[in-house]
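As stored in structure22.cif (mmCIF, C-alpha atoms and all ligand atoms):
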data_protein
#
loop_
_atom_site.group_PDB
_atom_site.id
_atom_site.type_symbol
_atom_site.label_atom_id
_atom_site.label_comp_id
_atom_site.auth_asym_id
_atom_site.auth_seq_id
_atom_site.Cartn_x
_atom_site.Cartn_y
_atom_site.Cartn_z
ATOM 1 C CA MET A 337 5.532 5.693 17.328
ATOM 2 C CA LYS A 338 3.880 7.123 20.394
ATOM 3 C CA ASN A 339 4.463 10.840 19.931
ATOM 4 C CA GLU A 340 3.850 11.307 16.232
ATOM 5 C CA ASN A 341 3.238 15.067 16.243
ATOM 6 C CA GLU A 342 6.328 15.800 18.265
ATOM 7 C CA ILE A 343 8.445 13.543 16.049
ATOM 8 C CA ARG A 344 7.034 15.178 12.918
ATOM 9 C CA GLU A 345 8.017 18.603 14.253
ATOM 10 C CA ILE A 346 11.543 17.425 15.030
ATOM 11 C CA ILE A 347 11.942 15.918 11.562
ATOM 12 C CA GLU A 348 10.536 18.977 9.832
ATOM 13 C CA TYR A 349 12.923 21.208 11.732
ATOM 14 C CA TYR A 350 15.975 19.161 10.737
ATOM 15 C CA ALA A 351 14.718 18.741 7.163
ATOM 16 C CA SER A 352 14.571 22.531 6.804
ATOM 17 C CA GLN A 353 18.248 22.957 7.678
ATOM 18 C CA ARG A 354 20.649 23.835 4.882
ATOM 19 C CA ASN A 355 22.815 20.834 5.709
ATOM 20 C CA ALA A 356 19.778 18.532 6.073
ATOM 21 C CA ALA A 357 21.398 15.457 4.546
ATOM 22 C CA GLU A 358 24.719 15.787 6.362
ATOM 23 C CA GLN A 359 25.686 13.383 9.093
ATOM 24 C CA GLU A 360 25.977 16.029 11.811
ATOM 25 C CA ASN A 361 22.394 17.173 11.204
ATOM 26 C CA ILE A 362 21.107 13.596 11.007
ATOM 27 C CA VAL A 363 22.793 12.582 14.279
ATOM 28 C CA SER A 364 21.250 15.548 16.133
ATOM 29 C CA MET A 365 17.844 14.668 14.710
ATOM 30 C CA LEU A 366 18.155 11.003 15.686
ATOM 31 C CA ARG A 367 19.210 11.994 19.222
ATOM 32 C CA GLU A 368 16.130 14.187 19.605
ATOM 33 C CA ILE A 369 13.840 11.464 18.281
ATOM 34 C CA GLN A 370 15.358 9.045 20.779
ATOM 35 C CA GLU A 371 14.835 11.501 23.627
ATOM 36 C CA VAL A 372 11.115 11.550 22.850
ATOM 37 C CA GLU A 373 10.528 7.877 22.023
ATOM 38 C CA GLY A 374 13.261 6.123 23.999
ATOM 39 C CA TYR A 375 14.683 4.657 20.791
ATOM 40 C CA ILE A 376 14.430 5.375 17.057
ATOM 41 C CA PRO A 377 11.298 3.729 15.631
ATOM 42 C CA VAL A 378 11.170 2.398 12.079
ATOM 43 C CA ASP A 379 8.284 4.637 11.083
ATOM 44 C CA ALA A 380 10.161 7.725 12.321
ATOM 45 C CA GLN A 381 13.098 6.633 10.153
ATOM 46 C CA GLU A 382 10.791 6.259 7.148
ATOM 47 C CA MET A 383 9.328 9.708 7.702
ATOM 48 C CA ALA A 384 12.769 11.261 8.179
ATOM 49 C CA ALA A 385 14.160 9.577 5.066
ATOM 50 C CA GLU A 386 11.347 11.022 2.985
ATOM 51 C CA LYS A 387 11.573 14.542 4.399
ATOM 52 C CA LEU A 388 15.356 14.742 4.295
ATOM 53 C CA GLY A 389 15.518 13.129 0.868
ATOM 54 C CA VAL A 390 17.934 10.401 1.931
ATOM 55 C CA LYS A 391 17.772 6.598 2.001
ATOM 56 C CA ARG A 392 16.698 4.970 5.262
ATOM 57 C CA VAL A 393 19.750 2.718 5.226
ATOM 58 C CA ILE A 394 21.884 5.797 5.983
ATOM 59 C CA PHE A 395 20.294 5.993 9.420
ATOM 60 C CA SER A 396 21.105 2.341 10.128
ATOM 61 C CA CYS A 397 24.741 2.935 9.189
ATOM 62 C CA ILE A 398 24.951 5.957 11.481
ATOM 63 C CA MET A 399 23.201 4.190 14.345
ATOM 64 C CA LYS A 400 25.590 1.248 14.128
ATOM 65 C CA ARG A 401 28.551 3.586 14.447
ATOM 66 C CA ILE A 402 27.147 5.627 17.328
ATOM 67 C CA PRO A 403 26.438 3.234 20.191
ATOM 68 C CA ASP A 404 24.203 5.524 22.253
ATOM 69 C CA LEU A 405 21.670 5.682 19.399
ATOM 70 C CA LYS A 406 19.263 2.801 19.791
ATOM 71 C CA GLU A 407 17.602 1.505 16.660
ATOM 72 C CA ALA A 408 14.323 -0.372 16.895
ATOM 73 C CA ASN A 409 15.210 -4.054 17.115
ATOM 74 C CA TYR A 410 12.629 -4.996 14.496
ATOM 75 C CA SER A 411 12.291 -4.159 10.804
ATOM 76 C CA HIS A 412 8.674 -3.082 10.421
ATOM 77 C CA GLU A 413 6.230 -1.083 12.490
ATOM 78 C CA LEU A 414 2.603 -1.948 11.985
ATOM 79 C CA VAL A 415 -0.095 0.271 13.506
ATOM 80 C CA LEU A 416 -3.715 -0.715 13.242
ATOM 81 C CA CYS A 417 -6.481 1.789 13.915
ATOM 82 C CA THR A 418 -8.903 0.681 16.593
ATOM 83 C CA GLY A 419 -10.826 3.947 16.776
ATOM 84 C CA GLU A 420 -14.614 3.825 16.753
ATOM 85 C CA ARG A 421 -15.133 4.341 13.024
ATOM 86 C CA CYS A 422 -12.559 1.739 12.109
ATOM 87 C CA GLN A 423 -14.021 -0.659 14.663
ATOM 88 C CA ASN A 424 -17.390 -0.217 12.973
ATOM 89 C CA LYS A 425 -15.701 -1.460 9.815
ATOM 90 C CA ASN A 426 -14.266 -4.591 11.400
ATOM 91 C CA SER A 427 -10.860 -3.363 12.499
ATOM 92 C CA MET A 428 -10.901 -5.683 15.532
ATOM 93 C CA VAL A 429 -11.280 -8.666 13.209
ATOM 94 C CA LEU A 430 -8.341 -7.352 11.175
ATOM 95 C CA LEU A 431 -6.338 -7.008 14.379
ATOM 96 C CA GLU A 432 -6.968 -10.655 15.254
ATOM 97 C CA THR A 433 -6.063 -11.675 11.696
ATOM 98 C CA VAL A 434 -2.733 -9.866 11.926
ATOM 99 C CA LYS A 435 -1.993 -11.270 15.378
ATOM 100 C CA LYS A 436 -2.714 -14.796 14.218
ATOM 101 C CA GLU A 437 -0.830 -14.550 10.943
ATOM 102 C CA LEU A 438 2.321 -13.066 12.474
ATOM 103 C CA LYS A 439 2.013 -14.900 15.807
ATOM 104 C CA ILE A 440 2.242 -11.656 17.728
ATOM 105 C CA ALA A 441 3.322 -12.031 21.363
ATOM 106 C CA LYS A 442 2.248 -9.898 24.332
ATOM 107 C CA ASP A 443 5.058 -7.415 23.733
ATOM 108 C CA GLY A 444 3.690 -6.761 20.227
ATOM 109 C CA LEU A 445 6.514 -8.584 18.457
ATOM 110 C CA SER A 446 5.947 -11.181 15.761
ATOM 111 C CA ALA A 447 7.320 -14.711 16.210
ATOM 112 C CA ASP A 448 10.230 -13.937 13.866
ATOM 113 C CA LYS A 449 10.837 -10.637 15.765
ATOM 114 C CA LYS A 450 10.712 -8.666 12.514
ATOM 115 C CA VAL A 451 7.393 -6.882 12.974
ATOM 116 C CA HIS A 452 6.113 -4.807 15.874
ATOM 117 C CA LEU A 453 2.371 -4.308 16.142
ATOM 118 C CA THR A 454 0.597 -1.526 17.995
ATOM 119 C CA THR A 455 -2.834 0.056 17.783
ATOM 120 C CA GLN A 456 -3.947 3.663 17.581
ATOM 121 C CA ASN A 457 -7.214 5.186 18.646
ATOM 122 C CA CYS A 458 -8.125 7.009 15.395
ATOM 123 C CA MET A 459 -5.681 8.099 12.707
ATOM 124 C CA LYS A 460 -7.914 10.991 11.690
ATOM 125 C CA GLN A 461 -8.632 9.275 8.392
ATOM 126 C CA CYS A 462 -12.038 7.891 9.368
ATOM 127 C CA ARG A 463 -13.558 8.379 5.930
ATOM 128 C CA THR A 464 -11.350 5.649 4.524
ATOM 129 C CA SER A 465 -11.644 3.262 7.461
ATOM 130 C CA PRO A 466 -10.532 0.699 8.336
ATOM 131 C CA ASN A 467 -6.973 1.963 8.275
ATOM 132 C CA MET A 468 -3.518 0.689 9.050
ATOM 133 C CA LYS A 469 0.014 2.053 8.780
ATOM 134 C CA ILE A 470 3.046 0.036 7.805
ATOM 135 C CA ASP A 471 6.329 1.835 8.488
ATOM 136 C CA GLY A 472 4.435 5.119 8.515
ATOM 137 C CA LYS A 473 2.615 4.560 5.205
ATOM 138 C CA LEU A 474 -1.162 4.630 5.394
ATOM 139 C CA TYR A 475 -3.253 1.806 3.923
ATOM 140 C CA THR A 476 -6.989 2.406 3.719
ATOM 141 C CA GLY A 477 -10.257 0.603 3.085
ATOM 142 C CA LEU A 478 -8.754 -2.646 4.299
ATOM 143 C CA THR A 479 -10.186 -6.126 4.108
ATOM 144 C CA GLU A 480 -8.789 -9.324 5.598
ATOM 145 C CA GLU A 481 -7.427 -10.327 2.191
ATOM 146 C CA LYS A 482 -5.745 -6.959 1.673
ATOM 147 C CA VAL A 483 -4.169 -7.039 5.121
ATOM 148 C CA LEU A 484 -2.883 -10.575 4.670
ATOM 149 C CA GLY A 485 -1.513 -9.666 1.254
ATOM 150 C CA LEU A 486 0.349 -6.691 2.730
ATOM 151 C CA ILE A 487 1.840 -8.405 5.754
ATOM 152 C CA ARG A 488 2.938 -11.438 3.781
ATOM 153 C CA THR A 489 5.214 -9.198 1.727
ATOM 154 C CA LEU A 490 7.026 -7.910 4.816
ATOM 155 C CA LYS A 491 10.548 -9.237 5.173
HETATM 156 S S1 LIG A 501 -11.311 5.627 13.737
HETATM 157 FE FE1 LIG A 501 -9.777 4.877 12.450
HETATM 158 S S2 LIG A 501 -9.147 6.638 11.405
HETATM 159 FE FE2 LIG A 501 -10.624 7.386 12.762
#

Write-out of the structure in structure tokens:
Amino acid sequence: MKNENEIREIIEYYASQRNAAEQENIVSMLREIQEVEGYIPVDAQEMAAEKLGVKRVIFSCIMKRIPDLKEANYSHELVLCTGERCQNKNSMVLLETVKKELKIAKDGLSADKKVHLTTQNCMKQCRTSPNMKIDGKLYTGLTEEKVLGLIRTLK
């Protein structure tokens, strides 16, 4: 997602409500996320599910019922760090590996439209570079083999 800090704040606010796991609270949270991002990214859903202590599938059910909420039209969000420290540890090679393996098009979508790839200029985890996030979860100290292993498990 593009505005991670803002999204984190929104999610933390709604997670701290007494009725955090109730539909009314979730719908308001999803609306705010959409206002910031334009739609509701997979990694924001993952983060929200964890903080609110609910299953991610609940969001999909709600979004299907409320037409003005736009879910990401792919299943996984992959963000590769291309900051300087990660680049020094071959992150550009990893990027090419991912692009080739998933046949990523110009819009960042894989050939099967299930994965969306973006890059980030430093994830503030330089000590463990090179880094990548899949659906908001950080993977560190990556190699080509590790990356291929991870993305081949994505469905
Ligand atoms: S450059 Fe990749 S985490 Fe800082």

Please write the residues picked by the PyMOL selection byres (((chain A and resi 398) around 12) and not hetatm) on this file as an MDAnalysis selection string. chainID A and resid 358:367 376 381 391:397 399:407

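Here the residues that fall within 12 Å of (-7.3, -10.3, 3.9), using only C-alpha atoms, are given as Asn426, Ser427, Val429, Leu430, Leu431, Glu432, Thr433, Val434, Glu437, Gly477, Leu478, Thr479, Glu480, Glu481, Lys482, Val483, Leu484, Gly485, Leu486, Ile487 and Arg488 of chain A.
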
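Picture a line from atom S1 of ligand LIG 501 (chain A) to CA of Asn467 (chain A); it runs 7.9 Å.
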
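Closest approach to ligand LIG 501 (chain A) from the set A:Lys425, A:Arg344, A:Lys442, A:Lys435 is made by A:Lys425, with distances taken over all atoms listed in the file.
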
Might you spell out which residues the PyMOL selection byres (((not hetatm)) within 7 of (chain A and resi 501)) would select in the displayed file, as a PyMOL selection string? chain A and resi 417-423+457-462+465-467

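The smallest atom-to-atom distance between Ala351 (chain A) and any of A:Gly389, A:Leu445, A:Tyr375, A:Asn409, using only C-alpha atoms, is found for A:Gly389.
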
Any chance you could resolve the PyMOL selection byres (((chain A and resi 443) around 10) and not hetatm) against this file and give the residues as a ChimeraX atom specification? /A:440-442,444-446,452-454

Missing atoms in region 475-486 of chain A: can you complete it with all heavy atoms, as a compact mmCIF listing (two decimals), in the frame of the given file?
# COMPACT_ATOMS: atom_id res chain seq x y z
N TYR A 475 -2.48 2.69 4.81
CA TYR A 475 -3.25 1.81 3.92
C TYR A 475 -4.71 1.89 4.35
O TYR A 475 -5.02 1.78 5.53
CB TYR A 475 -2.74 0.37 4.01
CG TYR A 475 -1.35 0.23 3.47
CD1 TYR A 475 -0.25 0.43 4.31
CD2 TYR A 475 -1.11 -0.04 2.13
CE1 TYR A 475 1.05 0.34 3.81
CE2 TYR A 475 0.18 -0.12 1.63
CZ TYR A 475 1.24 0.06 2.48
OH TYR A 475 2.52 -0.01 1.98
N THR A 476 -5.60 2.10 3.37
CA THR A 476 -6.99 2.41 3.72
C THR A 476 -7.95 1.37 3.15
O THR A 476 -7.57 0.55 2.31
CB THR A 476 -7.36 3.79 3.13
OG1 THR A 476 -7.20 3.72 1.72
CG2 THR A 476 -6.49 4.89 3.69
N GLY A 477 -9.20 1.47 3.61
CA GLY A 477 -10.26 0.60 3.08
C GLY A 477 -9.87 -0.87 3.11
O GLY A 477 -10.05 -1.60 2.13
N LEU A 478 -9.33 -1.30 4.25
CA LEU A 478 -8.75 -2.65 4.30
C LEU A 478 -9.79 -3.76 4.43
O LEU A 478 -10.85 -3.57 5.00
CB LEU A 478 -7.77 -2.73 5.47
CG LEU A 478 -6.54 -1.82 5.32
CD1 LEU A 478 -5.81 -1.73 6.63
CD2 LEU A 478 -5.65 -2.34 4.21
N THR A 479 -9.43 -4.90 3.91
CA THR A 479 -10.19 -6.13 4.11
C THR A 479 -9.19 -7.15 4.65
O THR A 479 -7.98 -6.91 4.61
CB THR A 479 -10.73 -6.66 2.78
OG1 THR A 479 -9.60 -6.92 1.92
CG2 THR A 479 -11.66 -5.67 2.10
N GLU A 480 -9.71 -8.29 5.10
CA GLU A 480 -8.79 -9.32 5.60
C GLU A 480 -7.79 -9.74 4.52
O GLU A 480 -6.61 -9.91 4.78
CB GLU A 480 -9.57 -10.55 6.06
CG GLU A 480 -9.99 -10.44 7.52
CD GLU A 480 -10.60 -11.72 8.01
OE1 GLU A 480 -9.84 -12.64 8.34
OE2 GLU A 480 -11.85 -11.80 8.02
N GLU A 481 -8.31 -9.89 3.29
CA GLU A 481 -7.43 -10.33 2.19
C GLU A 481 -6.32 -9.30 1.94
O GLU A 481 -5.16 -9.64 1.78
CB GLU A 481 -8.21 -10.52 0.88
CG GLU A 481 -9.21 -11.66 0.86
CD GLU A 481 -10.43 -11.36 1.71
OE1 GLU A 481 -11.02 -10.28 1.55
OE2 GLU A 481 -10.80 -12.19 2.56
N LYS A 482 -6.74 -8.01 1.93
CA LYS A 482 -5.74 -6.96 1.67
C LYS A 482 -4.66 -6.97 2.75
O LYS A 482 -3.48 -6.86 2.46
CB LYS A 482 -6.42 -5.58 1.67
CG LYS A 482 -7.00 -5.18 0.34
CD LYS A 482 -7.31 -3.68 0.40
CE LYS A 482 -8.29 -3.28 -0.68
NZ LYS A 482 -8.74 -1.91 -0.54
N VAL A 483 -5.12 -7.07 4.01
CA VAL A 483 -4.17 -7.04 5.12
C VAL A 483 -3.21 -8.22 5.03
O VAL A 483 -1.98 -8.06 5.15
CB VAL A 483 -4.93 -7.06 6.47
CG1 VAL A 483 -3.98 -7.35 7.62
CG2 VAL A 483 -5.62 -5.73 6.71
N LEU A 484 -3.75 -9.39 4.77
CA LEU A 484 -2.88 -10.58 4.67
C LEU A 484 -1.89 -10.41 3.53
O LEU A 484 -0.72 -10.73 3.66
CB LEU A 484 -3.72 -11.84 4.48
CG LEU A 484 -4.44 -12.33 5.75
CD1 LEU A 484 -5.38 -13.47 5.42
CD2 LEU A 484 -3.43 -12.78 6.80
N GLY A 485 -2.39 -9.89 2.40
CA GLY A 485 -1.51 -9.67 1.25
C GLY A 485 -0.37 -8.74 1.62
O GLY A 485 0.79 -8.98 1.27
N LEU A 486 -0.69 -7.67 2.36
CA LEU A 486 0.35 -6.69 2.73
C LEU A 486 1.36 -7.29 3.70
O LEU A 486 2.57 -7.15 3.51
CB LEU A 486 -0.31 -5.46 3.37
CG LEU A 486 -1.04 -4.51 2.43
CD1 LEU A 486 -1.90 -3.53 3.22
CD2 LEU A 486 -0.03 -3.74 1.59
